[in-house]
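> Structure: entry28.txt, compact mmCIF, C-alpha atoms and all ligand atoms.
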```
# COMPACT_ATOMS: atom_id res chain seq x y z
CA MET V 1 0.00 0.00 0.00
CA LEU V 2 1.17 3.48 -0.92
CA VAL V 3 -0.07 6.97 -0.31
CA ALA V 4 0.69 10.13 -2.28
CA GLY V 5 1.41 13.64 -1.07
CA VAL V 6 0.35 16.44 -3.40
CA ASP V 7 1.53 19.97 -2.64
CA LEU V 8 -0.43 22.40 -4.80
CA GLY V 9 1.26 25.79 -5.07
CA GLY V 10 0.47 28.78 -7.26
CA THR V 11 2.52 27.66 -10.25
CA ALA V 12 3.58 24.04 -9.62
CA VAL V 13 2.37 20.82 -8.02
CA ASN V 14 4.98 18.86 -6.09
CA TYR V 15 4.51 15.14 -5.46
CA THR V 16 5.83 12.54 -3.10
CA LEU V 17 5.01 8.87 -2.49
CA LEU V 18 5.15 7.12 0.88
CA ASN V 19 4.88 3.41 1.60
CA ASP V 20 3.34 1.83 4.70
CA ARG V 21 6.80 1.37 6.23
CA GLU V 22 6.95 5.19 6.34
CA GLU V 23 9.61 5.38 3.63
CA PHE V 24 9.48 8.19 1.07
CA LEU V 25 9.98 6.87 -2.47
CA ILE V 26 10.77 10.31 -3.91
CA VAL V 27 13.76 12.12 -2.44
CA GLY V 28 13.75 15.59 -4.01
CA MET V 29 11.24 17.70 -5.89
CA CYS V 30 8.91 16.01 -8.38
CA GLU V 31 7.01 18.83 -10.07
CA TYR V 32 4.28 19.31 -12.62
CA PRO V 33 2.77 22.66 -13.81
CA ALA V 34 -0.25 23.66 -11.68
CA ARG V 35 -2.14 25.98 -14.11
CA SER V 36 -4.18 27.13 -11.11
CA THR V 37 -4.97 30.51 -12.65
CA GLU V 38 -6.95 28.68 -15.36
CA GLY V 39 -9.47 27.50 -12.76
CA PRO V 40 -10.27 24.29 -10.91
CA ALA V 41 -11.28 22.06 -13.83
CA ILE V 42 -7.93 22.43 -15.59
CA CYS V 43 -5.91 22.45 -12.37
CA LEU V 44 -7.44 19.23 -10.99
CA GLN V 45 -6.72 17.45 -14.28
CA GLN V 46 -3.14 18.73 -14.00
CA ILE V 47 -2.94 17.21 -10.50
CA ALA V 48 -4.17 13.85 -11.84
CA ASP V 49 -1.79 13.91 -14.83
CA GLY V 50 1.12 14.85 -12.59
CA LEU V 51 0.32 12.01 -10.20
CA LYS V 52 0.50 9.55 -13.10
CA MET V 53 3.86 11.03 -14.05
CA ALA V 54 5.11 10.71 -10.45
CA VAL V 55 4.14 7.04 -10.05
CA GLN V 56 5.58 6.16 -13.47
CA ARG V 57 8.82 7.88 -12.64
CA THR V 58 9.00 5.98 -9.35
CA GLY V 59 8.22 2.63 -11.00
CA VAL V 60 5.09 1.87 -8.95
CA SER V 61 1.45 1.42 -9.93
CA LEU V 62 -1.24 4.08 -9.60
CA ALA V 63 -3.59 1.34 -8.36
CA ASP V 64 -1.37 0.87 -5.29
CA VAL V 65 -1.91 4.50 -4.22
CA ALA V 66 -4.68 4.05 -1.64
CA VAL V 67 -5.08 7.61 -0.35
CA VAL V 68 -3.97 11.03 -1.56
CA GLY V 69 -2.98 13.79 0.84
CA LEU V 70 -3.40 17.29 -0.59
CA ASP V 71 -2.10 20.56 0.74
CA THR V 72 -2.63 24.06 -0.62
CA PRO V 73 -2.05 27.59 0.59
CA GLY V 74 -5.02 28.77 2.64
CA PRO V 75 -7.40 30.11 3.57
CA ALA V 76 -9.47 26.94 3.43
CA SER V 77 -11.70 25.00 5.79
CA ALA V 78 -10.43 21.98 7.73
CA THR V 79 -11.96 19.75 5.05
CA GLY V 80 -10.41 21.59 2.12
CA VAL V 81 -13.09 24.03 0.96
CA LEU V 82 -11.29 27.15 -0.25
CA SER V 83 -12.40 30.43 1.28
CA ALA V 84 -14.94 32.58 -0.57
CA LYS V 85 -12.48 35.44 -0.28
CA GLY V 86 -10.03 33.38 -2.26
CA SER V 87 -6.30 33.37 -1.92
CA THR V 88 -3.53 35.10 -3.81
CA ASN V 89 -2.63 31.71 -5.31
CA PHE V 90 -6.11 30.88 -6.60
CA VAL V 91 -7.17 33.96 -8.52
CA HIS V 92 -9.68 32.36 -10.93
CA SER V 93 -13.26 33.15 -9.79
CA ASP V 94 -14.32 29.47 -9.89
CA TRP V 95 -12.00 28.76 -6.93
CA ALA V 96 -14.18 30.68 -4.43
CA ASN V 97 -15.85 28.23 -2.04
CA TYR V 98 -14.40 25.38 -4.10
CA ASP V 99 -14.40 21.98 -2.40
CA MET V 100 -10.92 20.74 -3.29
CA CYS V 101 -11.22 17.44 -1.46
CA ALA V 102 -14.59 16.32 -2.83
CA ASN V 103 -13.74 17.28 -6.39
CA LEU V 104 -10.27 15.78 -6.38
CA THR V 105 -11.69 12.57 -4.87
CA GLN V 106 -14.00 12.39 -7.88
CA VAL V 107 -11.24 13.06 -10.41
CA LEU V 108 -8.81 10.55 -8.89
CA GLY V 109 -11.28 7.92 -7.70
CA LYS V 110 -9.41 7.75 -4.39
CA PRO V 111 -9.96 9.21 -0.93
CA VAL V 112 -8.33 12.64 -0.52
CA VAL V 113 -7.40 14.19 2.82
CA TYR V 114 -6.55 17.86 3.16
CA LEU V 115 -4.19 20.12 5.13
CA ASN V 116 -3.23 23.72 4.54
CA ASP V 117 0.38 24.04 3.43
CA ALA V 118 1.81 25.29 6.71
CA ASN V 119 0.06 22.56 8.72
CA ALA V 120 1.38 20.00 6.24
CA ALA V 121 4.92 21.29 6.65
CA ALA V 122 4.50 21.13 10.43
CA VAL V 123 3.38 17.49 10.20
CA TRP V 124 6.53 16.68 8.24
CA GLY V 125 8.80 18.65 10.59
CA HIS V 126 7.32 16.82 13.57
CA PHE V 127 7.64 13.41 11.90
CA ALA V 128 11.28 14.09 10.98
CA LEU V 129 12.04 14.60 14.67
CA PHE V 130 9.71 12.19 16.42
CA GLY V 131 8.27 9.70 13.89
CA THR V 132 4.57 8.83 13.85
CA SER V 133 4.10 6.93 17.06
CA SER V 134 5.03 9.47 19.69
CA GLY V 135 3.12 11.61 22.12
CA ASN V 136 5.38 14.59 21.52
CA THR V 137 4.31 18.18 20.95
CA SER V 138 5.94 20.53 18.45
CA ILE V 139 5.31 24.06 17.25
CA SER V 140 6.39 24.99 13.71
CA CYS V 141 6.69 28.43 12.13
CA ILE V 142 7.20 28.64 8.37
CA VAL V 143 8.51 32.06 7.42
CA GLY V 144 8.01 32.99 3.77
CA THR V 145 5.96 35.69 2.07
CA GLY V 146 3.71 35.41 5.12
CA LEU V 147 4.06 33.34 8.25
CA GLY V 148 2.34 29.97 8.43
CA GLY V 149 2.37 27.60 11.34
CA GLY V 150 1.33 24.31 12.74
CA ILE V 151 0.86 22.74 16.16
CA ILE V 152 1.24 18.99 16.51
CA MET V 153 0.02 17.39 19.73
CA ASP V 154 0.12 13.65 20.39
CA GLY V 155 0.99 13.08 16.75
CA SER V 156 -2.01 15.01 15.39
CA VAL V 157 -2.13 18.42 13.78
CA ILE V 158 -4.53 20.88 15.39
CA LYS V 159 -6.86 21.97 12.56
CA GLY V 160 -9.34 23.81 14.75
CA ARG V 161 -13.07 24.37 14.41
CA LYS V 162 -12.94 26.23 11.08
CA GLY V 163 -9.55 25.12 9.78
CA PHE V 164 -7.62 28.03 11.29
CA GLY V 165 -5.77 26.05 13.94
CA GLY V 166 -2.10 26.93 13.92
CA GLU V 167 -2.54 30.28 12.14
CA LEU V 168 0.39 31.40 14.23
CA GLY V 169 1.23 34.43 12.10
CA HIS V 170 -1.76 36.30 13.46
CA VAL V 171 -0.97 35.89 17.14
CA LEU V 172 -0.18 39.26 18.72
CA ILE V 173 3.23 39.65 20.29
CA PRO V 174 4.62 42.35 22.61
CA TYR V 175 6.63 43.76 19.71
CA GLN V 176 7.28 47.08 21.41
CA THR V 177 9.96 45.31 23.48
CA ILE V 178 12.05 44.46 20.40
CA PRO V 179 15.10 46.73 20.28
CA GLY V 180 15.65 48.89 17.18
CA ILE V 181 12.05 49.32 16.00
CA GLU V 182 10.89 52.05 18.33
CA GLY V 183 7.96 53.93 16.82
CA LEU V 184 7.17 51.25 14.23
CA LYS V 185 3.49 50.24 13.88
CA PRO V 186 3.52 47.13 11.68
CA GLU V 187 0.07 46.28 10.33
CA CYS V 188 -0.75 42.82 9.01
CA ASN V 189 -3.08 42.05 6.11
CA CYS V 190 -5.42 40.48 8.69
CA GLY V 191 -6.00 43.89 10.29
CA ARG V 192 -3.94 43.39 13.44
CA THR V 193 -1.06 45.61 14.44
CA GLY V 194 2.01 43.84 15.75
CA ASP V 195 1.20 40.19 15.16
CA LEU V 196 3.97 37.73 14.36
CA GLU V 197 3.57 37.93 10.57
CA SER V 198 3.67 41.73 10.66
CA LEU V 199 7.27 41.48 11.93
CA CYS V 200 8.44 38.15 10.61
CA SER V 201 7.80 37.61 6.90
CA LEU V 202 9.07 38.77 3.53
CA THR V 203 6.01 41.05 3.38
CA SER V 204 7.08 42.63 6.65
CA ILE V 205 10.57 43.28 5.30
CA ARG V 206 9.16 44.99 2.22
CA ARG V 207 6.50 47.04 3.97
CA TYR V 208 8.08 47.89 7.31
CA LEU V 209 11.50 46.61 8.26
CA LEU V 210 13.47 47.66 5.18
CA PRO V 211 11.98 51.20 4.99
CA HIS V 212 12.48 51.55 8.76
CA PHE V 213 16.14 50.52 8.79
CA LEU V 214 17.00 52.42 5.60
CA LYS V 215 16.38 55.58 7.64
CA GLN V 216 19.21 54.49 9.94
CA TYR V 217 21.44 53.51 6.99
CA PRO V 218 20.70 56.34 4.49
CA ASP V 219 23.61 55.44 2.17
CA HIS V 220 22.77 51.74 1.96
CA GLU V 221 22.71 50.33 -1.59
CA LEU V 222 19.21 48.86 -1.10
CA GLY V 223 17.96 52.44 -0.71
CA LYS V 224 18.81 52.95 -4.39
CA VAL V 225 16.78 49.95 -5.59
CA GLY V 226 13.54 51.44 -6.93
CA ASP V 227 11.34 48.33 -6.72
CA PRO V 228 10.50 47.49 -3.07
CA HIS V 229 9.84 43.81 -3.96
CA LYS V 230 13.29 43.45 -5.53
CA ALA V 231 14.94 45.24 -2.61
CA ALA V 232 13.17 43.03 -0.04
CA HIS V 233 14.23 39.87 -1.88
CA ARG V 234 17.89 40.91 -1.62
CA VAL V 235 17.86 41.35 2.17
CA ARG V 236 18.37 37.67 3.08
CA GLY V 237 21.37 37.17 0.80
CA MET V 238 23.00 40.34 2.09
CA ALA V 239 22.28 39.35 5.69
CA GLU V 240 23.99 36.01 5.05
CA ASN V 241 27.02 37.91 3.79
CA GLY V 242 27.14 39.93 6.99
CA ASP V 243 25.65 43.24 5.84
CA PRO V 244 24.97 45.11 9.13
CA MET V 245 21.59 46.61 8.17
CA CYS V 246 20.27 43.33 6.76
CA ARG V 247 21.41 41.53 9.92
CA ASP V 248 19.49 44.15 11.92
CA ILE V 249 16.38 43.32 9.89
CA PHE V 250 16.72 39.58 10.43
CA ARG V 251 17.49 40.17 14.10
CA VAL V 252 14.06 41.79 14.45
CA GLU V 253 12.46 38.77 12.74
CA ALA V 254 14.30 36.41 15.07
CA ARG V 255 13.37 38.41 18.17
CA ALA V 256 9.73 38.42 17.07
CA LEU V 257 9.88 34.63 16.73
CA GLY V 258 11.50 34.48 20.17
CA LEU V 259 8.65 36.45 21.75
CA PHE V 260 6.16 34.17 20.04
CA PHE V 261 7.94 30.94 21.00
CA ASP V 262 8.05 32.15 24.59
CA GLN V 263 4.23 32.26 24.54
CA MET V 264 4.14 28.75 23.07
CA ILE V 265 6.51 27.41 25.72
CA ASN V 266 4.22 28.70 28.42
CA THR V 267 1.10 27.44 26.64
CA PHE V 268 2.20 23.97 25.51
CA ASP V 269 5.55 23.19 27.17
CA PRO V 270 6.43 21.60 23.79
CA ASP V 271 9.19 19.10 23.03
CA ALA V 272 10.52 21.09 20.08
CA LEU V 273 10.25 24.36 18.20
CA ILE V 274 10.77 24.20 14.43
CA VAL V 275 11.53 26.99 11.96
CA GLY V 276 11.04 26.49 8.23
CA GLY V 277 10.61 28.53 5.07
CA GLY V 278 12.82 30.90 3.13
CA VAL V 279 14.21 32.49 6.28
CA VAL V 280 16.30 29.37 7.00
CA GLU V 281 17.09 28.37 3.41
CA THR V 282 20.54 29.74 4.05
CA SER V 283 24.05 28.72 5.07
CA ALA V 284 24.48 26.76 8.29
CA GLU V 285 26.36 29.71 9.79
CA PHE V 286 23.44 32.06 9.21
CA GLN V 287 20.98 29.46 10.53
CA ARG V 288 23.01 29.18 13.75
CA TRP V 289 23.12 32.97 14.17
CA PHE V 290 19.37 33.24 13.52
CA MET V 291 18.54 30.48 16.05
CA GLU V 292 20.74 32.18 18.67
CA GLU V 293 18.90 35.46 18.08
CA ILE V 294 15.56 33.66 18.48
CA ARG V 295 16.74 32.27 21.79
CA ILE V 296 17.81 35.72 22.99
CA GLY V 297 14.33 36.97 22.05
CA MET V 298 12.69 34.24 24.13
CA GLY V 299 13.79 35.85 27.33
CA VAL V 300 14.39 34.01 30.57
CA GLN V 301 12.96 30.48 30.69
CA ARG V 302 12.31 28.25 33.67
CA GLU V 303 15.33 26.11 34.38
CA GLU V 304 13.44 22.97 33.30
CA GLN V 305 12.51 24.52 29.93
CA ALA V 306 15.63 26.48 29.03
CA ASP V 307 17.09 23.67 26.93
CA ILE V 308 14.11 23.44 24.56
CA PRO V 309 15.53 22.60 21.12
CA ILE V 310 14.92 24.90 18.14
CA HIS V 311 15.28 22.99 14.86
CA VAL V 312 15.53 23.99 11.23
CA MET V 313 12.87 22.15 9.24
CA PRO V 314 14.62 19.57 7.05
CA ASN V 315 13.89 19.17 3.30
CA GLY V 316 12.06 22.49 3.32
CA ASP V 317 11.01 22.48 -0.35
CA THR V 318 9.32 19.07 -0.07
CA ALA V 319 7.87 19.62 3.43
CA GLY V 320 4.30 20.28 2.24
CA ALA V 321 4.06 17.17 0.06
CA ARG V 322 5.67 15.00 2.73
CA GLY V 323 3.31 16.25 5.44
CA ALA V 324 0.29 15.71 3.18
CA ALA V 325 1.48 12.15 2.49
CA LEU V 326 1.91 11.47 6.22
CA GLU V 327 -1.65 12.69 6.82
CA ALA V 328 -2.85 10.36 4.05
CA LEU V 329 -1.00 7.42 5.62
CA LYS V 330 -2.60 8.17 8.97
CA PHE V 331 -6.02 8.15 7.28
CA ALA V 332 -5.22 4.86 5.51
CA HIS V 333 -4.18 3.22 8.78
CA ALA V 334 -7.27 4.51 10.59
CA ALA V 335 -9.51 3.25 7.79
CA ASP V 336 -7.54 -0.02 7.77
CA LEU V 337 -7.35 0.07 3.98
CA PRO V 338 -6.03 -3.21 2.57
CA HIS V 339 -3.26 -3.39 -0.02
CA GLY V 340 -4.19 -1.77 -3.33
CA SER V 341 -7.63 -0.74 -2.13
CA GLN V 342 -9.43 2.20 -3.71
ZN ZN N 401 -2.02 38.99 10.85
```
Before anything else, please render the file you have as structure tokens.
Ligand SMILES: [Zn+2]

Amino acid sequence: MLVAGVDLGGTAVNYTLLNDREEFLIVGMCEYPARSTEGPAICLQQIADGLKMAVQRTGVSLADVAVVGLDTPGPASATGVLSAKGSTNFVHSDWANYDMCANLTQVLGKPVVYLNDANAAAVWGHFALFGTSSGNTSISCIVGTGLGGGIIMDGSVIKGRKGFGGELGHVLIPYQTIPGIEGLKPECNCGRTGDLESLCSLTSIRRYLLPHFLKQYPDHELGKVGDPHKAAHRVRGMAENGDPMCRDIFRVEARALGLFFDQMINTFDPDALIVGGGVVETSAEFQRWFMEEIRIGMGVQREEQADIPIHVMPNGDTAGARGAALEALKFAHAADLPHGSQ
């Protein structure tokens, strides 16, 4: 028995396959064009065609794939109905209120289980540390354009009543205590001022952190880049190379994560904290520096909790597909699906 993990992004679908011994049959990326802007009918056929390509490439049979795990960017309900307000990745009007799970089940003729992309990544990050059979708790933050998250307790991801469990980016933090951003009022797309995403995301760098720090570094070369998107994209690379202003920007992101993780430590007393996304797709040296800055931001911990590990999420680019596959395997085991069943 096999399960598939399908990570649907804005432009590409990434696939993985997992057997019932919890071994991934695809190591790296296995991509197919998503064509999501052309609407659900075309996109779902793309997902099906890509799945055929993935099983052929792996040398297994499509009939052996018992369950498919799907993850997409949100917002979506816990059962995979996309929000009526849509998402920046699903711009075609037919996507509003679209039931991904039910429709993909019909197209594939197999059960489909759903997670949002950050929750899927969190499932993978947790599995990489603890496997499937543990009672451990982990908190994951995935820092990219926005900030996604996931909470895993007793081996299960917390989806919540409406599918918004683990929307960690919109938790308010006491950001006024972060040094170097006095006077800054960072507003998130969600309407809050000073939540985690408003200080720890690529969007935050573009809208707030870069303009704020350029005032302190008026001669900095990024001040001469006209396009704010282009300038924001260059900050990470320059921070890795030791540029003082760009390090200041990433220090704020790390301190924001520290304040947030401190809340999680006091709420869950978790076994591990995990950071994924573009922010840690960097050299090991930069990762170490960033993790140290997070820990400084966490403030004083109880003696028993001070050694809480902070991990970098492994295999970041395949995390969504892997987490979706793990969720599918869990479903298959719970349903006790026999070998090759549909
Ligand atoms: Zn927010």
> Using only C-alpha atoms and all ligand atoms, determine which residues fall within 7 Å of ligand ZN 401 (chain N), then list them as a VMD selection string.
chain V and resid 169 to 170 188 to 192 195 197 to 198
> Smallest atom-to-atom distance to Leu70 of chain V: which of V:Tyr98, V:Trp124, V:Tyr15, V:Tyr32, using all atoms listed in the file?
V:Tyr15
> Find the distance between atom CA of Ala128 of chain V and atom CA of Gly150 of chain V and write it in Å to one decimal.
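Distance reported for this atom pair: 14.4 Å.
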> May I ask for the distance between atom CA of Gly320 of chain V and atom CA of Leu168 of chain V, given in Å to one decimal place?
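Spanning atom CA of Gly320 of chain V to atom CA of Leu168 of chain V is a straight-line distance of 16.8 Å.
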> Compile the contact shell of segment 210-227 of chain V as number ranges by chain: residues with an atom at most 10 Å away, counting all atoms listed in the file, same-chain residues fewer than 2 positions apart removed.
V: 180-184, 204-208, 229-232, 234-235, 238, 243-246, 248-249
> For the residues in the current selection, export C-alpha atoms as a PDB file, keeping the file's coordinate frame.

```pdb
ATOM      1  CA  GLY V 180      15.650  48.890  17.180  1.00  0.00           C
ATOM      2  CA  ILE V 181      12.050  49.320  16.000  1.00  0.00           C
ATOM      3  CA  GLU V 182      10.890  52.050  18.330  1.00  0.00           C
ATOM      4  CA  GLY V 183       7.960  53.930  16.820  1.00  0.00           C
ATOM      5  CA  LEU V 184       7.170  51.250  14.230  1.00  0.00           C
ATOM      6  CA  SER V 204       7.080  42.630   6.650  1.00  0.00           C
ATOM      7  CA  ILE V 205      10.570  43.280   5.300  1.00  0.00           C
ATOM      8  CA  ARG V 206       9.160  44.990   2.220  1.00  0.00           C
ATOM      9  CA  ARG V 207       6.500  47.040   3.970  1.00  0.00           C
ATOM     10  CA  TYR V 208       8.080  47.890   7.310  1.00  0.00           C
ATOM     11  CA  HIS V 229       9.840  43.810  -3.960  1.00  0.00           C
ATOM     12  CA  LYS V 230      13.290  43.450  -5.530  1.00  0.00           C
ATOM     13  CA  ALA V 231      14.940  45.240  -2.610  1.00  0.00           C
ATOM     14  CA  ALA V 232      13.170  43.030  -0.040  1.00  0.00           C
ATOM     15  CA  ARG V 234      17.890  40.910  -1.620  1.00  0.00           C
ATOM     16  CA  VAL V 235      17.860  41.350   2.170  1.00  0.00           C
ATOM     17  CA  MET V 238      23.000  40.340   2.090  1.00  0.00           C
ATOM     18  CA  ASP V 243      25.650  43.240   5.840  1.00  0.00           C
ATOM     19  CA  PRO V 244      24.970  45.110   9.130  1.00  0.00           C
ATOM     20  CA  MET V 245      21.590  46.610   8.170  1.00  0.00           C
ATOM     21  CA  CYS V 246      20.270  43.330   6.760  1.00  0.00           C
ATOM     22  CA  ASP V 248      19.490  44.150  11.920  1.00  0.00           C
ATOM     23  CA  ILE V 249      16.380  43.320   9.890  1.00  0.00           C
TER      24      ILE V 249
END
```
> Pick from V:Asn97, V:Gln106, V:Ser36, V:Thr267: nearest to Lys85 of chain V, with all atoms listed in the file counted?
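So, comparing all the options, the nearest one is V:Asn97.
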> Could you check the closest approach to Tyr114 of chain V for each of V:Cys30, V:Leu82, V:Ile296, V:Leu259 and tell me which residue wins, using only C-alpha atoms?
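Among the listed residues, the smallest separation from Tyr114 of chain V belongs to V:Leu82.
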> Set the distance at 12 Å and use all atoms listed in the file: which residues neighbour Leu51 of chain V once local chain neighbours fewer than 5 positions away are removed? I'd like the list as a VMD selection string.
chain V and resid 3 to 8 13 to 17 30 to 34 44 to 46 56 to 58 60 to 63 65 68 to 70 104 107 to 108
> Rebuild N, CA, C and O atoms on segment 212-227 of chain V, as an mmCIF file, keeping the file's coordinate frame?

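Produced file out-v8.cif, reproduced below:
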```cif
data_model
loop_
_atom_site.group_PDB
_atom_site.id
_atom_site.type_symbol
_atom_site.label_atom_id
_atom_site.label_comp_id
_atom_site.auth_asym_id
_atom_site.auth_seq_id
_atom_site.Cartn_x
_atom_site.Cartn_y
_atom_site.Cartn_z
ATOM 1 N N HIS V 212 12.120 51.058 7.428
ATOM 2 C CA HIS V 212 12.480 51.550 8.760
ATOM 3 C C HIS V 212 14.003 51.623 8.927
ATOM 4 O O HIS V 212 14.536 52.652 9.366
ATOM 5 N N PHE V 213 14.696 50.544 8.557
ATOM 6 C CA PHE V 213 16.140 50.520 8.790
ATOM 7 C C PHE V 213 16.907 51.359 7.760
ATOM 8 O O PHE V 213 18.015 51.817 8.045
ATOM 9 N N LEU V 214 16.318 51.562 6.576
ATOM 10 C CA LEU V 214 17.000 52.420 5.600
ATOM 11 C C LEU V 214 17.156 53.851 6.126
ATOM 12 O O LEU V 214 18.081 54.566 5.753
ATOM 13 N N LYS V 215 16.241 54.236 7.041
ATOM 14 C CA LYS V 215 16.380 55.580 7.640
ATOM 15 C C LYS V 215 17.640 55.655 8.499
ATOM 16 O O LYS V 215 18.254 56.716 8.617
ATOM 17 N N GLN V 216 18.000 54.508 9.108
ATOM 18 C CA GLN V 216 19.210 54.490 9.940
ATOM 19 C C GLN V 216 20.472 54.280 9.101
ATOM 20 O O GLN V 216 21.587 54.501 9.582
ATOM 21 N N TYR V 217 20.303 53.756 7.886
ATOM 22 C CA TYR V 217 21.440 53.510 6.990
ATOM 23 C C TYR V 217 21.166 54.236 5.662
ATOM 24 O O TYR V 217 20.924 53.606 4.627
ATOM 25 N N PRO V 218 21.167 55.578 5.669
ATOM 26 C CA PRO V 218 20.700 56.340 4.490
ATOM 27 C C PRO V 218 21.528 56.092 3.223
ATOM 28 O O PRO V 218 21.022 56.279 2.127
ATOM 29 N N ASP V 219 22.779 55.647 3.374
ATOM 30 C CA ASP V 219 23.610 55.440 2.170
ATOM 31 C C ASP V 219 23.605 53.998 1.700
ATOM 32 O O ASP V 219 24.373 53.635 0.799
ATOM 33 N N HIS V 220 22.751 53.167 2.298
ATOM 34 C CA HIS V 220 22.770 51.740 1.960
ATOM 35 C C HIS V 220 22.352 51.518 0.499
ATOM 36 O O HIS V 220 21.457 52.194 -0.012
ATOM 37 N N GLU V 221 22.989 50.536 -0.155
ATOM 38 C CA GLU V 221 22.710 50.330 -1.590
ATOM 39 C C GLU V 221 21.258 49.907 -1.845
ATOM 40 O O GLU V 221 20.720 50.169 -2.922
ATOM 41 N N LEU V 222 20.598 49.260 -0.873
ATOM 42 C CA LEU V 222 19.210 48.860 -1.100
ATOM 43 C C LEU V 222 18.270 50.078 -1.156
ATOM 44 O O LEU V 222 17.157 49.985 -1.680
ATOM 45 N N GLY V 223 18.737 51.207 -0.618
ATOM 46 C CA GLY V 223 17.960 52.440 -0.710
ATOM 47 C C GLY V 223 17.881 52.965 -2.135
ATOM 48 O O GLY V 223 17.015 53.776 -2.465
ATOM 49 N N LYS V 224 18.786 52.471 -2.992
ATOM 50 C CA LYS V 224 18.810 52.950 -4.390
ATOM 51 C C LYS V 224 18.066 52.009 -5.326
ATOM 52 O O LYS V 224 17.947 52.270 -6.517
ATOM 53 N N VAL V 225 17.570 50.877 -4.765
ATOM 54 C CA VAL V 225 16.780 49.950 -5.590
ATOM 55 C C VAL V 225 15.345 50.469 -5.631
ATOM 56 O O VAL V 225 14.694 50.604 -4.600
ATOM 57 N N GLY V 226 14.863 50.813 -6.823
ATOM 58 C CA GLY V 226 13.540 51.440 -6.930
ATOM 59 C C GLY V 226 12.394 50.520 -6.529
ATOM 60 O O GLY V 226 11.461 50.935 -5.851
ATOM 61 N N ASP V 227 12.454 49.252 -6.921
ATOM 62 C CA ASP V 227 11.340 48.330 -6.720
ATOM 63 C C ASP V 227 11.415 47.705 -5.321
ATOM 64 O O ASP V 227 12.359 46.970 -5.016
#
```
